[in-house]
>>> print(open('run18.pdb').read())   # PDB, C-alpha atoms and all ligand atoms
ATOM      1  CA  MET A   1      33.432  -3.495 397.561
ATOM      2  CA  ASN A   2      34.167  -0.584 395.224
ATOM      3  CA  LEU A   3      37.502   0.879 396.336
ATOM      4  CA  GLU A   4      37.634   3.672 393.760
ATOM      5  CA  THR A   5      38.132   7.253 394.854
ATOM      6  CA  THR A   6      38.681  10.523 393.001
ATOM      7  CA  ILE A   7      40.952  13.481 393.612
ATOM      8  CA  TRP A   8      39.854  16.550 391.762
ATOM      9  CA  GLY A   9      38.792  14.588 388.744
ATOM     10  CA  VAL A  10      41.741  12.174 388.844
ATOM     11  CA  LYS A  11      40.424   8.687 389.392
ATOM     12  CA  LEU A  12      42.309   6.300 391.702
ATOM     13  CA  GLU A  13      41.635   2.562 391.693
ATOM     14  CA  ASN A  14      41.873   2.502 395.475
ATOM     15  CA  PRO A  15      42.486   4.997 398.304
ATOM     16  CA  VAL A  16      46.053   3.899 399.152
ATOM     17  CA  PHE A  17      49.299   5.110 397.593
ATOM     18  CA  ASN A  18      52.816   6.023 398.630
ATOM     19  CA  ALA A  19      53.812   9.246 400.381
ATOM     20  CA  SER A  20      56.458  11.521 398.972
ATOM     21  CA  GLY A  21      59.066  10.178 401.353
ATOM     22  CA  PRO A  22      60.920   6.885 401.261
ATOM     23  CA  ASP A  23      61.826   4.938 398.133
ATOM     24  CA  CYS A  24      60.375   7.201 395.455
ATOM     25  CA  THR A  25      63.516   9.064 394.439
ATOM     26  CA  THR A  26      64.954   7.048 391.532
ATOM     27  CA  LEU A  27      63.276   5.837 388.337
ATOM     28  CA  GLU A  28      63.824   2.256 389.467
ATOM     29  CA  GLU A  29      61.920   2.878 392.726
ATOM     30  CA  LEU A  30      59.126   4.657 390.876
ATOM     31  CA  GLU A  31      58.827   1.739 388.459
ATOM     32  CA  TRP A  32      58.437  -0.600 391.415
ATOM     33  CA  LEU A  33      55.541   1.543 392.563
ATOM     34  CA  GLN A  34      54.077   1.292 389.102
ATOM     35  CA  LYS A  35      54.007  -2.500 389.443
ATOM     36  CA  SER A  36      52.602  -2.451 392.981
ATOM     37  CA  SER A  37      49.004  -1.977 394.180
ATOM     38  CA  SER A  38      49.737   1.660 395.038
ATOM     39  CA  SER A  39      46.960   3.535 393.227
ATOM     40  CA  ALA A  40      49.249   6.402 392.190
ATOM     41  CA  ILE A  41      52.955   7.048 391.809
ATOM     42  CA  MET A  42      54.032   9.856 394.077
ATOM     43  CA  MET A  43      57.539  11.165 393.388
ATOM     44  CA  LYS A  44      59.984  12.467 396.012
ATOM     45  CA  SER A  45      59.767  16.192 396.759
ATOM     46  CA  CYS A  46      62.228  17.850 394.414
ATOM     47  CA  SER A  47      64.231  21.042 394.387
ATOM     48  CA  ILE A  48      65.832  23.004 391.540
ATOM     49  CA  GLU A  49      69.282  21.447 392.082
ATOM     50  CA  PRO A  50      69.928  17.799 393.038
ATOM     51  CA  ARG A  51      70.586  17.192 396.738
ATOM     52  CA  GLU A  52      72.516  14.530 398.631
ATOM     53  CA  TRP A  53      71.370  12.659 401.739
ATOM     54  CA  ASN A  54      72.183  13.951 405.214
ATOM     55  CA  PRO A  55      75.024  12.083 406.964
ATOM     56  CA  GLU A  56      74.068   8.809 408.683
ATOM     57  CA  PRO A  57      72.468   7.919 411.015
ATOM     58  CA  ARG A  58      69.540   9.904 409.600
ATOM     59  CA  TYR A  59      66.654   7.442 410.061
ATOM     60  CA  PHE A  60      65.710   5.453 413.135
ATOM     61  CA  GLU A  61      62.802   3.214 414.020
ATOM     62  CA  LEU A  62      61.350   3.312 417.518
ATOM     63  CA  GLU A  63      58.709   1.089 419.018
ATOM     64  CA  LEU A  64      55.889   3.446 418.085
ATOM     65  CA  GLY A  65      57.216   5.242 415.090
ATOM     66  CA  SER A  66      60.031   6.418 412.946
ATOM     67  CA  ILE A  67      62.162   9.512 412.959
ATOM     68  CA  ASN A  68      63.941  10.958 409.986
ATOM     69  CA  SER A  69      66.245  13.692 408.910
ATOM     70  CA  MET A  70      66.804  12.862 405.259
ATOM     71  CA  TRP A  71      67.443  16.443 404.108
ATOM     72  CA  LEU A  72      65.378  16.378 400.983
ATOM     73  CA  PRO A  73      67.584  14.116 398.891
ATOM     74  CA  ASN A  74      66.458  14.236 395.255
ATOM     75  CA  LEU A  75      67.811  14.229 391.731
ATOM     76  CA  GLY A  76      66.678  17.747 390.815
ATOM     77  CA  TYR A  77      63.343  18.660 389.206
ATOM     78  CA  LYS A  78      64.443  18.122 385.585
ATOM     79  CA  LYS A  79      64.880  14.405 386.262
ATOM     80  CA  TYR A  80      61.340  14.120 387.652
ATOM     81  CA  ILE A  81      59.919  15.776 384.562
ATOM     82  CA  GLU A  82      61.718  13.102 382.507
ATOM     83  CA  PHE A  83      60.610  10.312 384.856
ATOM     84  CA  SER A  84      56.982  11.392 384.660
ATOM     85  CA  LYS A  85      57.067  10.977 380.876
ATOM     86  CA  THR A  86      58.542   7.481 381.097
ATOM     87  CA  LEU A  87      56.065   6.462 383.794
ATOM     88  CA  LYS A  88      53.061   7.745 381.872
ATOM     89  CA  GLN A  89      54.169   5.911 378.745
ATOM     90  CA  ASN A  90      54.127   2.620 380.588
ATOM     91  CA  SER A  91      50.842   2.741 382.490
ATOM     92  CA  LYS A  92      47.724   4.774 383.165
ATOM     93  CA  LYS A  93      48.451   5.141 386.872
ATOM     94  CA  PRO A  94      48.316   8.808 387.966
ATOM     95  CA  VAL A  95      51.759  10.342 388.537
ATOM     96  CA  ILE A  96      52.146  13.062 391.162
ATOM     97  CA  ALA A  97      54.996  15.561 391.443
ATOM     98  CA  SER A  98      56.046  17.167 394.702
ATOM     99  CA  VAL A  99      58.043  20.406 394.803
ATOM    100  CA  VAL A 100      59.912  22.126 397.592
ATOM    101  CA  TRP A 101      61.852  25.372 397.892
ATOM    102  CA  LEU A 102      65.240  26.392 399.167
ATOM    103  CA  HIS A 103      65.097  29.957 397.841
ATOM    104  CA  ARG A 104      62.138  32.274 397.489
ATOM    105  CA  GLU A 105      62.095  32.275 393.719
ATOM    106  CA  ASP A 106      62.092  28.445 393.458
ATOM    107  CA  PHE A 107      58.366  27.707 393.785
ATOM    108  CA  PRO A 108      57.193  29.732 390.755
ATOM    109  CA  ILE A 109      59.897  28.080 388.586
ATOM    110  CA  LEU A 110      59.086  24.577 389.814
ATOM    111  CA  VAL A 111      55.314  24.911 389.610
ATOM    112  CA  LYS A 112      55.401  26.578 386.178
ATOM    113  CA  THR A 113      57.739  23.964 384.706
ATOM    114  CA  PHE A 114      55.754  21.012 386.042
ATOM    115  CA  GLN A 115      52.584  22.659 384.747
ATOM    116  CA  GLU A 116      53.926  23.315 381.288
ATOM    117  CA  ASP A 117      56.592  20.702 380.536
ATOM    118  CA  SER A 118      55.502  17.612 382.419
ATOM    119  CA  ILE A 119      52.608  15.259 382.068
ATOM    120  CA  VAL A 120      52.068  14.698 385.790
ATOM    121  CA  ASP A 121      48.427  14.504 386.867
ATOM    122  CA  LEU A 122      48.742  16.462 390.104
ATOM    123  CA  ILE A 123      51.307  18.665 391.860
ATOM    124  CA  GLU A 124      52.041  18.811 395.571
ATOM    125  CA  VAL A 125      53.604  21.987 396.975
ATOM    126  CA  ASN A 126      55.501  20.935 400.079
ATOM    127  CA  LEU A 127      55.277  23.800 402.583
ATOM    128  CA  SER A 128      56.432  21.687 405.491
ATOM    129  CA  CYS A 129      59.813  19.984 404.953
ATOM    130  CA  PRO A 130      61.195  19.867 408.491
ATOM    131  CA  ASN A 131      64.760  18.824 407.791
ATOM    132  CA  VAL A 132      66.672  21.627 406.132
ATOM    133  CA  ALA A 133      68.969  23.282 408.669
ATOM    134  CA  GLY A 134      68.449  27.019 408.953
ATOM    135  CA  LYS A 135      65.086  26.957 407.107
ATOM    136  CA  PRO A 136      61.825  27.119 409.043
ATOM    137  CA  GLN A 137      58.781  25.171 407.896
ATOM    138  CA  ILE A 138      57.101  27.693 405.617
ATOM    139  CA  ALA A 139      53.571  26.781 406.614
ATOM    140  CA  TYR A 140      54.230  28.034 410.150
ATOM    141  CA  ASP A 141      54.944  31.477 408.687
ATOM    142  CA  PHE A 142      51.477  32.600 407.601
ATOM    143  CA  GLU A 143      52.614  35.815 405.934
ATOM    144  CA  MET A 144      55.203  33.961 403.857
ATOM    145  CA  SER A 145      52.755  31.190 402.935
ATOM    146  CA  ASP A 146      50.282  33.785 401.725
ATOM    147  CA  LYS A 147      52.988  35.500 399.663
ATOM    148  CA  ILE A 148      54.143  32.247 398.066
ATOM    149  CA  LEU A 149      50.627  31.158 397.178
ATOM    150  CA  SER A 150      49.881  34.539 395.648
ATOM    151  CA  GLN A 151      52.994  34.153 393.460
ATOM    152  CA  ILE A 152      52.014  30.758 392.138
ATOM    153  CA  ASN A 153      48.228  31.060 392.202
ATOM    154  CA  ASN A 154      47.807  31.929 388.534
ATOM    155  CA  LEU A 155      50.369  29.429 387.283
ATOM    156  CA  TRP A 156      48.295  26.312 387.405
ATOM    157  CA  ASN A 157      45.970  24.266 385.269
ATOM    158  CA  LYS A 158      46.837  20.980 386.891
ATOM    159  CA  PRO A 159      45.376  20.610 390.391
ATOM    160  CA  ILE A 160      47.656  21.765 393.192
ATOM    161  CA  TRP A 161      47.703  20.576 396.739
ATOM    162  CA  LEU A 162      49.609  21.664 399.812
ATOM    163  CA  LYS A 163      51.532  19.427 402.159
ATOM    164  CA  LEU A 164      51.096  20.938 405.597
ATOM    165  CA  PRO A 165      52.767  20.482 408.969
ATOM    166  CA  PRO A 166      50.647  19.683 412.020
ATOM    167  CA  TYR A 167      48.962  22.590 413.767
ATOM    168  CA  PHE A 168      48.557  22.384 417.519
ATOM    169  CA  ASP A 169      46.066  25.142 418.117
ATOM    170  CA  PHE A 170      42.771  25.888 416.364
ATOM    171  CA  VAL A 171      43.891  29.503 415.938
ATOM    172  CA  HIS A 172      46.671  28.371 413.631
ATOM    173  CA  THR A 173      44.532  25.862 411.712
ATOM    174  CA  GLU A 174      42.014  28.658 411.168
ATOM    175  CA  GLN A 175      44.699  31.071 409.985
ATOM    176  CA  MET A 176      45.971  28.563 407.419
ATOM    177  CA  ALA A 177      42.441  27.664 406.313
ATOM    178  CA  LYS A 178      41.749  31.348 405.674
ATOM    179  CA  ILE A 179      44.830  31.620 403.463
ATOM    180  CA  ILE A 180      43.984  28.410 401.599
ATOM    181  CA  SER A 181      40.485  29.620 400.830
ATOM    182  CA  LYS A 182      41.886  32.744 399.112
ATOM    183  CA  TYR A 183      43.649  30.640 396.498
ATOM    184  CA  ASN A 184      42.963  27.963 393.986
ATOM    185  CA  ILE A 185      44.028  24.995 396.143
ATOM    186  CA  SER A 186      42.327  21.700 395.389
ATOM    187  CA  PHE A 187      43.335  19.695 398.423
ATOM    188  CA  ILE A 188      45.827  19.371 401.263
ATOM    189  CA  THR A 189      47.964  16.697 402.892
ATOM    190  CA  CYS A 190      47.780  16.491 406.662
ATOM    191  CA  ILE A 191      50.320  15.990 408.121
ATOM    192  CA  ASN A 192      54.050  16.075 407.479
ATOM    193  CA  SER A 193      56.455  14.838 410.191
ATOM    194  CA  VAL A 194      56.164  16.454 413.596
ATOM    195  CA  TRP A 195      59.359  18.460 413.733
ATOM    196  CA  ASN A 196      61.370  19.387 416.844
ATOM    197  CA  THR A 197      61.424  16.059 418.634
ATOM    198  CA  LEU A 198      64.277  14.256 420.368
ATOM    199  CA  PHE A 199      64.918  10.640 421.316
ATOM    200  CA  ILE A 200      67.642   9.471 423.707
ATOM    201  CA  ASP A 201      69.137   5.986 423.906
ATOM    202  CA  PRO A 202      69.411   5.571 427.693
ATOM    203  CA  GLU A 203      71.896   2.704 427.446
ATOM    204  CA  LYS A 204      74.356   4.616 425.320
ATOM    205  CA  GLU A 205      73.338   7.930 426.915
ATOM    206  CA  GLN A 206      73.274   9.300 423.415
ATOM    207  CA  VAL A 207      71.055  10.788 420.717
ATOM    208  CA  VAL A 208      70.101   8.403 417.889
ATOM    209  CA  ILE A 209      70.475  10.441 414.733
ATOM    210  CA  LYS A 210      73.062  12.923 413.649
ATOM    211  CA  PRO A 211      71.777  15.705 411.342
ATOM    212  CA  LYS A 212      70.213  19.028 412.259
ATOM    213  CA  TRP A 213      71.631  19.029 415.768
ATOM    214  CA  TRP A 214      70.077  15.595 416.504
ATOM    215  CA  PHE A 215      66.516  16.860 416.386
ATOM    216  CA  TRP A 216      64.196  15.359 413.830
ATOM    217  CA  GLY A 217      60.747  14.779 412.358
ATOM    218  CA  LEU A 218      58.572  12.224 414.108
ATOM    219  CA  GLY A 219      55.957   9.979 412.516
ATOM    220  CA  TRP A 220      53.710   6.951 412.771
ATOM    221  CA  ASP A 221      51.769   5.895 415.893
ATOM    222  CA  TYR A 222      53.193   8.745 417.940
ATOM    223  CA  VAL A 223      51.561  11.300 415.657
ATOM    224  CA  LYS A 224      48.357   9.539 414.583
ATOM    225  CA  PRO A 225      45.993  11.416 416.968
ATOM    226  CA  ILE A 226      47.554  14.711 415.854
ATOM    227  CA  ALA A 227      47.089  13.743 412.183
ATOM    228  CA  LEU A 228      43.465  12.678 412.730
ATOM    229  CA  ALA A 229      42.691  15.932 414.525
ATOM    230  CA  ASN A 230      44.262  17.985 411.726
ATOM    231  CA  VAL A 231      42.250  16.134 409.058
ATOM    232  CA  ARG A 232      39.025  16.616 410.984
ATOM    233  CA  LYS A 233      39.611  20.283 411.824
ATOM    234  CA  PHE A 234      40.495  21.180 408.236
ATOM    235  CA  TYR A 235      37.386  19.296 407.139
ATOM    236  CA  GLU A 236      35.253  21.469 409.413
ATOM    237  CA  LEU A 237      36.881  24.632 408.055
ATOM    238  CA  LEU A 238      37.240  23.805 404.379
ATOM    239  CA  TRP A 239      34.761  21.096 403.416
ATOM    240  CA  ASP A 240      33.074  23.282 400.827
ATOM    241  CA  LYS A 241      36.303  24.697 399.328
ATOM    242  CA  VAL A 242      39.015  22.067 399.438
ATOM    243  CA  ASP A 243      37.995  18.792 397.962
ATOM    244  CA  ILE A 244      40.218  16.204 399.498
ATOM    245  CA  ILE A 245      42.388  15.789 402.510
ATOM    246  CA  TRP A 246      45.127  13.220 402.866
ATOM    247  CA  VAL A 247      47.451  11.870 405.453
ATOM    248  CA  TRP A 248      50.534   9.776 405.298
ATOM    249  CA  TRP A 249      51.138   8.185 408.708
ATOM    250  CA  ILE A 250      49.378   4.951 407.914
ATOM    251  CA  LYS A 251      50.427   1.585 409.252
ATOM    252  CA  THR A 252      47.397  -0.695 409.221
ATOM    253  CA  TRP A 253      43.938  -1.072 407.675
ATOM    254  CA  ILE A 254      42.515   0.375 410.910
ATOM    255  CA  ASP A 255      44.369   3.609 410.206
ATOM    256  CA  VAL A 256      42.946   3.696 406.676
ATOM    257  CA  PHE A 257      39.431   3.195 408.030
ATOM    258  CA  GLU A 258      39.789   5.851 410.731
ATOM    259  CA  PHE A 259      41.251   8.489 408.426
ATOM    260  CA  ILE A 260      38.513   7.964 405.849
ATOM    261  CA  LEU A 261      35.916   8.236 408.642
ATOM    262  CA  ALA A 262      37.546  11.552 409.604
ATOM    263  CA  TRP A 263      37.131  12.714 405.962
ATOM    264  CA  ALA A 264      40.290  11.745 404.136
ATOM    265  CA  SER A 265      39.575  10.597 400.585
ATOM    266  CA  ALA A 266      42.786   8.683 400.288
ATOM    267  CA  VAL A 267      45.773   7.879 402.442
ATOM    268  CA  GLN A 268      49.497   7.651 401.850
ATOM    269  CA  LEU A 269      51.956   5.084 403.137
ATOM    270  CA  GLY A 270      55.340   6.359 404.290
ATOM    271  CA  THR A 271      57.124   4.503 407.066
ATOM    272  CA  ILE A 272      55.390   1.181 406.450
ATOM    273  CA  TYR A 273      56.336   1.346 402.768
ATOM    274  CA  SER A 274      59.980   1.770 403.626
ATOM    275  CA  LYS A 275      59.723  -1.128 406.104
ATOM    276  CA  GLU A 276      57.640  -3.674 404.164
ATOM    277  CA  TRP A 277      58.383  -2.381 400.682
ATOM    278  CA  LYS A 278      55.772  -2.584 397.925
ATOM    279  CA  ASP A 279      53.810  -5.539 399.370
ATOM    280  CA  CYS A 280      52.307  -3.309 402.082
ATOM    281  CA  PHE A 281      49.832  -1.767 399.611
ATOM    282  CA  GLU A 282      48.216  -5.068 398.769
ATOM    283  CA  ARG A 283      48.185  -6.328 402.354
ATOM    284  CA  ILE A 284      46.666  -3.172 403.832
ATOM    285  CA  LEU A 285      44.067  -2.886 401.068
ATOM    286  CA  LYS A 286      42.999  -6.496 401.431
ATOM    287  CA  GLU A 287      42.629  -6.151 405.215
ATOM    288  CA  PHE A 288      40.772  -2.860 404.853
ATOM    289  CA  GLU A 289      38.386  -4.287 402.273
ATOM    290  CA  GLU A 290      37.635  -7.323 404.436
ATOM    291  CA  TYR A 291      36.836  -5.150 407.438
ATOM    292  CA  ALA A 292      34.714  -2.608 405.535
ATOM    293  CA  SER A 293      32.799  -5.370 403.741
ATOM    294  CA  LYS A 294      32.042  -7.053 407.070
ATOM    295  CA  LYS A 295      30.414  -3.778 408.101
ATOM    296  CA  TRP A 296      28.407  -3.841 404.841
ATOM    297  CA  TYR A 297      30.097  -0.829 403.293
ATOM    298  CA  LYS A 298      30.039  -0.905 399.510
ATOM    299  CA  SER A 299      32.162   2.134 398.633
ATOM    300  CA  ILE A 300      34.712   4.600 400.046
ATOM    301  CA  GLU A 301      32.167   7.396 399.686
ATOM    302  CA  GLU A 302      29.846   5.607 402.140
ATOM    303  CA  ILE A 303      32.559   5.709 404.827
ATOM    304  CA  ARG A 304      34.094   9.111 404.175
ATOM    305  CA  GLY A 305      33.400  11.721 406.838
ATOM    306  CA  LYS A 306      30.897   9.512 408.651
ATOM    307  CA  LEU A 307      32.619   9.895 412.002
ATOM    308  CA  LYS A 308      29.989   9.966 414.759
ATOM    309  CA  VAL A 309      30.372  12.695 417.355
ATOM    310  CA  LEU A 310      29.008  12.830 420.892
TER     311      LEU A 310
HETATM  312  O1  LIG B   1      63.516  14.620 402.904
HETATM  313  C1  LIG B   1      63.180  14.861 404.074
HETATM  314  O2  LIG B   1      64.028  14.981 404.993
HETATM  315  C2  LIG B   1      61.758  15.050 404.446
HETATM  316  C3  LIG B   1      60.840  15.783 403.704
HETATM  317 BR1  LIG B   1      61.229  16.596 402.060
HETATM  318  C4  LIG B   1      59.505  15.951 404.189
HETATM  319  O3  LIG B   1      58.613  16.620 403.599
HETATM  320  N1  LIG B   1      59.208  15.369 405.390
HETATM  321  C5  LIG B   1      60.116  14.649 406.099
HETATM  322  O4  LIG B   1      59.782  14.141 407.181
HETATM  323  N2  LIG B   1      61.387  14.494 405.618
END
>>> encode(input="run18.pdb", output="C-alpha cells")
Amino acid sequence: MNLETTIWGVKLENPVFNASGPDCTTLEELEWLQKSSSSAIMMKSCSIEPREWNPEPRYFELELGSINSMWLPNLGYKKYIEFSKTLKQNSKKPVIASVVWLHREDFPILVKTFQEDSIVDLIEVNLSCPNVAGKPQIAYDFEMSDKILSQINNLWNKPIWLKLPPYFDFVHTEQMAKIISKYNISFITCINSVWNTLFIDPEKEQVVIKPKWWFWGLGWDYVKPIALANVRKFYELLWDKVDIIWVWWIKTWIDVFEFILAWASAVQLGTIYSKEWKDCFERILKEFEEYASKKWYKSIEEIRGKLKVL
C-alpha cells in the first residue's frame, strides 16, 4: 500500500507523526524522532522566552486517557530555529515549528522569525494552549483570533496552520470557519486538549494534579468522538479552502483509519508517544497498513473523506 500523503506541497512518507506535546522539546528528543518512523519532526510549541515545567504532579494517566497541565515548557524560540537547522542538515524529513503567545505582540515576532530565519517546512500557530493560568484559549475569543490572524496574515511564505481547541456547538465551529476563510491558512489541527476537566481520586478523596487550580486538559479515548466531530464539521465548512485537517488523539490503527475516513490527511501521536516512546509509530503504521490492505485500499487518498453517512 502507498502510505504517502501531502500537506500543502510538503510530502510525508506516511500519515503518522508526533504531536507538538510530549518529548519534542530538546534536540536529543527531536533527533530520536528523526530516527523513528514518524513522518515529520514536530517541535514543541515555543514562546519568546524559555519556560519551565509546571510543578508536579502535572501529568496523569487514567483508564481512558491522559490529563496534562505542562504549562508550555520550552527552550525559547531561538533554540528551535537552531534545532531546525541541525535537523534539516541530517535528514530530509519535514520539520515543523509550533508557536504560542503569552503577550499580544508575540505572534508577529515568532511567525516572522520562523518565516525568515529558519528552514522549517511548516509552521503551526497554537491558538489553543489550555494550561497557562490567567490566559484564556485564544481560539474561543473570535474577535481576538481575527485580530491576531490579520496581524500575521501577510507575514508568511511557508504554509501556516492553526491548532484549534474543540468546539461544542456548530455555531462556534461556523464562526471560526468564517474567520479562517478570510485568511491565508493552509490547514488546521483538530483538536487540542479539552480544557476545564477535573478528576478525583475517590480513595484519597483528592485531586490528581496540582497546577492551574487542579483543572486540566483532557485527551485520548475520552475526547475521540469530539475530535472526530470537529474534523468532520470543519471538513464540511472548509473543504474547498483549507487543505488538510489533523488530529492528535491517536492511540491505535483504528483511530488512524477513522480519522482519515472523516477527512484527516494525517494524524499526530501525543499520549501514546509519551507512553510507548518512538516505537509506537512503526507499530501503529504496520497495523494500519495491514488493515487497510485487507480492505483492498491502495493509498491514503482512497480512504480520505470516504465516511458513509445515513
Ligand atoms: O504545554 C502544555 O501544557 C500544553 C500545550 Br502548549 C498544548 O497546546 N496543549 C496541551 O494540552 N498542553
>>> closest_residue(input="run18.pdb", among="A:Lys275, A:Lys85, A:Lys286, A:Lys224", to="Phe60 in chain A", atoms="only C-alpha atoms")
A:Lys275
>>> closest_atom_pairs(input="run18.pdb", of="range 72-188 of chain A", to="range 34-44 of chain A", cutoff="6 Å", atoms="all atoms listed in the file", output="CSV")
residue,atom,partner,partner_atom,distance
A:Lys93,CA,A:Ala40,CA,5.5
A:Pro94,CA,A:Ala40,CA,4.9
A:Val95,CA,A:Ile41,CA,4.8
A:Ile96,CA,A:Met42,CA,4.7
A:Ala97,CA,A:Met43,CA,5.4
>>> closest_atom_pairs(input="run18.pdb", of="chain A", to="ligand LIG 1 (chain B)", cutoff="6 Å", atoms="all atoms listed in the file", output="tab-separated table")
residue	atom	partner	partner_atom	distance
A:Ser45	CA	B:LIG1	BR1	5.5
A:Asn68	CA	B:LIG1	O4	5.9
A:Ser69	CA	B:LIG1	O2	4.7
A:Met70	CA	B:LIG1	O2	3.5
A:Trp71	CA	B:LIG1	O2	3.8
A:Leu72	CA	B:LIG1	O1	3.2
A:Pro73	CA	B:LIG1	O1	5.7
A:Ser128	CA	B:LIG1	O3	5.8
A:Cys129	CA	B:LIG1	O3	3.8
A:Pro130	CA	B:LIG1	N1	5.8
A:Asn131	CA	B:LIG1	O2	4.8
A:Asn192	CA	B:LIG1	N1	5.6
A:Ser193	CA	B:LIG1	O4	4.5
A:Gly217	CA	B:LIG1	O4	5.3
>>> write_last_selection(input="run18.pdb", atoms="C-alpha atoms", output="CSV table (one decimal), keeping the file's coordinate frame")
chain,number,residue,atom,x,y,z
A,45,SER,CA,59.8,16.2,396.8
A,68,ASN,CA,63.9,11.0,410.0
A,69,SER,CA,66.2,13.7,408.9
A,70,MET,CA,66.8,12.9,405.3
A,71,TRP,CA,67.4,16.4,404.1
A,72,LEU,CA,65.4,16.4,401.0
A,73,PRO,CA,67.6,14.1,398.9
A,128,SER,CA,56.4,21.7,405.5
A,129,CYS,CA,59.8,20.0,405.0
A,130,PRO,CA,61.2,19.9,408.5
A,131,ASN,CA,64.8,18.8,407.8
A,192,ASN,CA,54.0,16.1,407.5
A,193,SER,CA,56.5,14.8,410.2
A,217,GLY,CA,60.7,14.8,412.4
>>> resolve_selection(input="run18.pdb", expression="the PyMOL selection byres (((chain A and resi 23) around 12) and not hetatm)", output="ChimeraX atom specification")
/A:18-22,24-33,41-45,70,73-74,269-278
>>> residues_around(input="run18.pdb", residues="range 263-267 of chain A", least_positions_apart="5", cutoff="9 Å", atoms="only C-alpha atoms", output="CSV table (one decimal) with C-alpha atoms, in the frame of the given file")
chain,number,residue,atom,x,y,z
A,5,THR,CA,38.1,7.3,394.9
A,6,THR,CA,38.7,10.5,393.0
A,7,ILE,CA,41.0,13.5,393.6
A,12,LEU,CA,42.3,6.3,391.7
A,14,ASN,CA,41.9,2.5,395.5
A,15,PRO,CA,42.5,5.0,398.3
A,16,VAL,CA,46.1,3.9,399.2
A,17,PHE,CA,49.3,5.1,397.6
A,18,ASN,CA,52.8,6.0,398.6
A,19,ALA,CA,53.8,9.2,400.4
A,231,VAL,CA,42.2,16.1,409.1
A,232,ARG,CA,39.0,16.6,411.0
A,235,TYR,CA,37.4,19.3,407.1
A,243,ASP,CA,38.0,18.8,398.0
A,244,ILE,CA,40.2,16.2,399.5
A,245,ILE,CA,42.4,15.8,402.5
A,246,TRP,CA,45.1,13.2,402.9
A,247,VAL,CA,47.5,11.9,405.5
A,248,TRP,CA,50.5,9.8,405.3
A,249,TRP,CA,51.1,8.2,408.7
A,250,ILE,CA,49.4,5.0,407.9
A,255,ASP,CA,44.4,3.6,410.2
A,256,VAL,CA,42.9,3.7,406.7
A,258,GLU,CA,39.8,5.9,410.7
A,300,ILE,CA,34.7,4.6,400.0
A,301,GLU,CA,32.2,7.4,399.7
A,303,ILE,CA,32.6,5.7,404.8
A,304,ARG,CA,34.1,9.1,404.2
A,305,GLY,CA,33.4,11.7,406.8
A,306,LYS,CA,30.9,9.5,408.7
A,307,LEU,CA,32.6,9.9,412.0
>>> resolve_selection(input="run18.pdb", expression="the PyMOL selection byres (((chain A and resi 172) around 12) and not hetatm)", output="PyMOL selection string")
chain A and resi 139-142+164-171+173-179+230+233-234+237
>>> resolve_selection(input="run18.pdb", expression="the PyMOL selection byres (((chain A and resi 57) around 9) and not hetatm)", output="ChimeraX atom specification")
/A:54-56,58-60,69,208-211
>>> atom_distance(input="run18.pdb", atom1="CA of Trp296 in chain A", atom2="CA of Lys308 in chain A")
17.1 Å
